[in-house]
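File shown: target_29.cif. Contents: mmCIF, C-alpha atoms.
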data_target
loop_
_atom_site.label_atom_id
_atom_site.label_comp_id
_atom_site.auth_asym_id
_atom_site.auth_seq_id
_atom_site.Cartn_x
_atom_site.Cartn_y
_atom_site.Cartn_z
CA MET N 1 68.53 -158.75 102.29
CA GLU N 2 66.04 -157.08 104.58
CA ARG N 3 64.88 -153.47 104.68
CA THR N 4 63.85 -151.39 107.65
CA PHE N 5 62.62 -147.86 108.16
CA ALA N 6 64.34 -145.21 110.25
CA ILE N 7 63.75 -141.59 111.23
CA ILE N 8 66.31 -139.14 112.53
CA LYS N 9 63.99 -137.18 114.81
CA PRO N 10 63.57 -133.38 115.15
CA ASP N 11 65.77 -133.17 118.26
CA ALA N 12 68.74 -134.62 116.38
CA VAL N 13 68.17 -132.40 113.33
CA GLU N 14 67.95 -129.34 115.62
CA ARG N 15 71.22 -130.28 117.32
CA ASN N 16 72.98 -130.87 113.98
CA VAL N 17 73.93 -134.47 114.75
CA THR N 18 72.40 -136.05 111.65
CA GLY N 19 75.85 -136.64 110.15
CA LYS N 20 76.91 -138.53 113.28
CA VAL N 21 73.79 -140.71 113.08
CA ILE N 22 74.36 -141.42 109.39
CA ALA N 23 78.01 -142.29 110.08
CA MET N 24 76.92 -144.76 112.78
CA ILE N 25 74.40 -146.29 110.36
CA GLU N 26 77.05 -146.77 107.68
CA GLU N 27 79.63 -148.04 110.18
CA GLY N 28 76.98 -150.56 111.29
CA GLY N 29 77.03 -152.09 107.82
CA PHE N 30 73.73 -150.67 106.60
CA LYS N 31 73.21 -149.53 103.03
CA ILE N 32 71.03 -146.42 102.80
CA VAL N 33 68.61 -147.12 99.93
CA GLY N 34 66.33 -144.13 100.55
CA MET N 35 66.73 -140.82 102.36
CA LYS N 36 64.92 -137.49 102.48
CA LYS N 37 64.49 -134.51 104.76
CA ILE N 38 60.87 -133.55 105.35
CA LEU N 39 58.70 -131.48 107.66
CA LEU N 40 55.70 -133.52 108.78
CA SER N 41 52.31 -132.01 109.48
CA LYS N 42 50.55 -133.00 112.68
CA SER N 43 48.02 -135.05 110.67
CA GLN N 44 50.82 -136.92 108.86
CA VAL N 45 52.42 -137.77 112.21
CA GLU N 46 49.05 -138.88 113.62
CA GLY N 47 48.61 -141.21 110.63
CA PHE N 48 52.09 -142.62 111.00
CA TYR N 49 51.79 -143.25 114.75
CA TYR N 50 48.13 -144.35 114.62
CA VAL N 51 48.99 -147.57 116.53
CA HIS N 52 49.71 -145.40 119.59
CA LYS N 53 46.55 -143.25 119.39
CA GLU N 54 45.10 -144.64 122.62
CA ARG N 55 48.30 -144.19 124.62
CA PRO N 56 48.69 -141.21 126.96
CA PHE N 57 51.85 -139.96 125.21
CA PHE N 58 50.25 -139.80 121.72
CA GLY N 59 49.57 -136.03 121.75
CA ASP N 60 53.05 -135.13 122.98
CA LEU N 61 54.64 -137.54 120.48
CA CYS N 62 52.73 -135.99 117.58
CA ALA N 63 53.62 -132.44 118.67
CA PHE N 64 57.29 -133.38 119.00
CA MET N 65 57.54 -135.17 115.65
CA SER N 66 55.90 -132.26 113.81
CA ARG N 67 57.89 -129.45 115.47
CA GLY N 68 60.74 -129.50 112.97
CA PRO N 69 62.30 -131.37 110.06
CA VAL N 70 63.17 -135.06 110.21
CA ILE N 71 65.34 -137.30 108.05
CA THR N 72 63.55 -140.44 106.86
CA LEU N 73 65.61 -143.41 105.72
CA VAL N 74 65.26 -146.90 104.36
CA LEU N 75 68.12 -149.13 105.46
CA GLU N 76 69.14 -152.46 103.99
CA LYS N 77 71.27 -155.37 105.18
CA GLU N 78 70.87 -158.92 106.44
CA ASN N 79 68.78 -158.81 109.64
CA ALA N 80 68.22 -155.07 109.14
CA ILE N 81 65.28 -154.76 111.54
CA ALA N 82 66.94 -156.47 114.51
CA ASP N 83 70.33 -154.91 113.82
CA TRP N 84 68.83 -151.41 113.56
CA ARG N 85 66.96 -151.91 116.84
CA THR N 86 70.25 -152.93 118.47
CA LEU N 87 72.15 -149.97 117.01
CA MET N 88 69.42 -147.54 118.14
CA GLY N 89 69.53 -148.77 121.75
CA ALA N 90 66.86 -148.67 124.44
CA THR N 91 64.13 -146.03 124.14
CA ASN N 92 65.41 -144.30 127.26
CA PRO N 93 69.00 -143.16 126.53
CA ALA N 94 69.83 -143.63 130.23
CA ASN N 95 69.14 -147.36 129.82
CA ALA N 96 70.75 -147.76 126.40
CA ALA N 97 73.93 -149.76 125.90
CA GLU N 98 77.24 -148.01 125.31
CA GLY N 99 77.96 -147.44 121.64
CA THR N 100 74.30 -147.14 120.63
CA ILE N 101 72.85 -144.07 118.94
CA ARG N 102 70.52 -143.26 121.80
CA LYS N 103 73.23 -143.65 124.46
CA SER N 104 75.64 -141.49 122.44
CA LEU N 105 73.23 -138.85 121.12
CA GLY N 106 69.85 -139.17 122.86
CA VAL N 107 68.72 -136.44 125.25
CA SER N 108 65.75 -138.05 127.02
CA ILE N 109 63.14 -140.76 126.66
CA GLU N 110 61.09 -138.32 124.57
CA GLU N 111 63.98 -136.81 122.59
CA ASN N 112 65.84 -139.99 121.80
CA THR N 113 67.23 -139.11 118.35
CA VAL N 114 65.93 -141.98 116.20
CA HIS N 115 62.94 -144.18 115.36
CA GLY N 116 63.01 -147.62 113.80
CA SER N 117 60.61 -150.29 112.64
CA ASP N 118 60.08 -152.95 115.29
CA SER N 119 58.93 -155.79 113.02
CA PRO N 120 58.60 -156.78 109.37
CA GLU N 121 54.93 -155.79 109.59
CA SER N 122 55.69 -152.26 110.80
CA ALA N 123 58.46 -151.87 108.19
CA SER N 124 55.99 -152.87 105.47
CA PHE N 125 53.68 -150.04 106.64
CA GLU N 126 56.32 -147.43 107.43
CA ILE N 127 58.48 -147.62 104.30
CA PRO N 128 55.68 -146.93 101.78
CA TYR N 129 54.20 -144.28 104.10
CA PHE N 130 57.19 -142.11 103.16
CA PHE N 131 58.78 -143.62 100.03
CA ASN N 132 57.57 -144.89 96.68
CA GLN N 133 59.46 -147.63 94.82
CA LEU N 134 61.15 -145.13 92.47
CA GLU N 135 62.80 -143.43 95.47
CA LEU N 136 64.52 -146.59 96.71
CA VAL N 137 67.81 -147.41 95.04
#
I need this file expressed as structure tokens, please.
Amino acid sequence: MERTFAIIKPDAVERNVTGKVIAMIEEGGFKIVGMKKILLSKSQVEGFYYVHKERPFFGDLCAFMSRGPVITLVLEKENAIADWRTLMGATNPANAAEGTIRKSLGVSIEENTVHGSDSPESASFEIPYFFNQLELV
């Protein structure tokens, strides 16, 4: 079994579509082994997205991710990382495949509903950034 990290972003929480996202996760065969609703400070977001600090969108990304609550999740299944990336869909909802979360629920390239680990290395950083071992069941 593999684990991956996911965030239901502020835009989705604001629009009250978290239940729809969670339903799609469960229908996709994922087991939710950790979940919590949190409000991130700007410095927490900057630490989480540090790999993007040199990119031009970093400031806007940090402001967006700290503007309201998010739902953080740890998902588990065989091939969890690749399968979660597929279920999320392309970053830009306009380019995402039918049936994906971003195509169904995303608003724009910036407000695209969900985040997910893109590799085992990023999952190994992202999961413990938000969860300790006692919180994963």
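Here CA of Tyr129 (chain N) is placed at a distance of 29.7 Å from CA of Gly99 (chain N).
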Report task. Using the chain letters and numbers from the file, give me the residues hit by the PyMOL selection byres ((chain N and resi 113) around 8), as a PyMOL selection string. Result -> chain N and resi 8-12+101-102+105-107+111-112+114-115
Report task. Report as a list in words the residues that result from applying the PyMOL selection byres ((chain N and resi 27-35) around 6) to the structure here. Result -> Ala23, Met24, Ile25, Glu26, Lys36, Thr72, Leu73, Val74, Leu75, Glu76, Lys77, Leu136 and Val137 of chain N
Query - Among listed residues N:Ser104, N:Ile109, N:Val13, N:Ser41, nearest Phe57 (chain N) (using only C-alpha atoms) - result: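 Going through N:Ser104, N:Ile109, N:Val13, N:Ser41 one by one, the smallest distance to Phe57 (chain N) is for N:Ile109.
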Target residues per the PyMOL selection byres ((chain N and resi 118-121) around 8), formatted as a PDB file with C-alpha atoms, in the coordinates of the input:
ATOM      1  CA  THR N   4      63.850-151.390 107.650  1.00  0.00           C
ATOM      2  CA  ILE N  81      65.280-154.760 111.540  1.00  0.00           C
ATOM      3  CA  ALA N  82      66.940-156.470 114.510  1.00  0.00           C
ATOM      4  CA  ARG N  85      66.960-151.910 116.840  1.00  0.00           C
ATOM      5  CA  GLY N 116      63.010-147.620 113.800  1.00  0.00           C
ATOM      6  CA  SER N 117      60.610-150.290 112.640  1.00  0.00           C
ATOM      7  CA  SER N 122      55.690-152.260 110.800  1.00  0.00           C
ATOM      8  CA  ALA N 123      58.460-151.870 108.190  1.00  0.00           C
ATOM      9  CA  SER N 124      55.990-152.870 105.470  1.00  0.00           C
ATOM     10  CA  PHE N 125      53.680-150.040 106.640  1.00  0.00           C
TER      11      PHE N 125
END
**Report entry** Coordinates-based distance that separates CA of Ile71 (chain N) from CA of Gly19 (chain N) (Å, one decimal)
**Finding:**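 Computing the Euclidean distance for CA of Gly19 (chain N) and CA of Ile71 (chain N) yields 10.7 Å.
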Query raised in the report: What is the distance, in Å and to one decimal place, between CA of Leu39 (chain N) and CA of Ser66 (chain N)?
Result: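 Taking CA of Leu39 (chain N) as the start and CA of Ser66 (chain N) as the end point, the length is 6.8 Å.
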Report task. Could you tell me which of N:Leu61, N:Val45, N:Val21, N:Val70 comes closest to Lys103 (chain N) if we count only C-alpha atoms? Result ->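 Closest to Lys103 (chain N) of all the choices is N:Val21.
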Query - Best match for closeness to Ile127 (chain N) among N:Phe48, N:Ile22, N:Lys42, N:Asp83, counting only C-alpha atoms - result: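 Using only C-alpha atoms, the shortest distance to Ile127 (chain N) belongs to N:Phe48.
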Query raised in the report: For Phe64 (chain N), which of N:Leu40, N:Ala96, N:Ala90, N:Ala6 is the closest residue, counting only C-alpha atoms?
Result: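 Ranking N:Leu40, N:Ala96, N:Ala90, N:Ala6 by distance to Phe64 (chain N), first place goes to N:Leu40.
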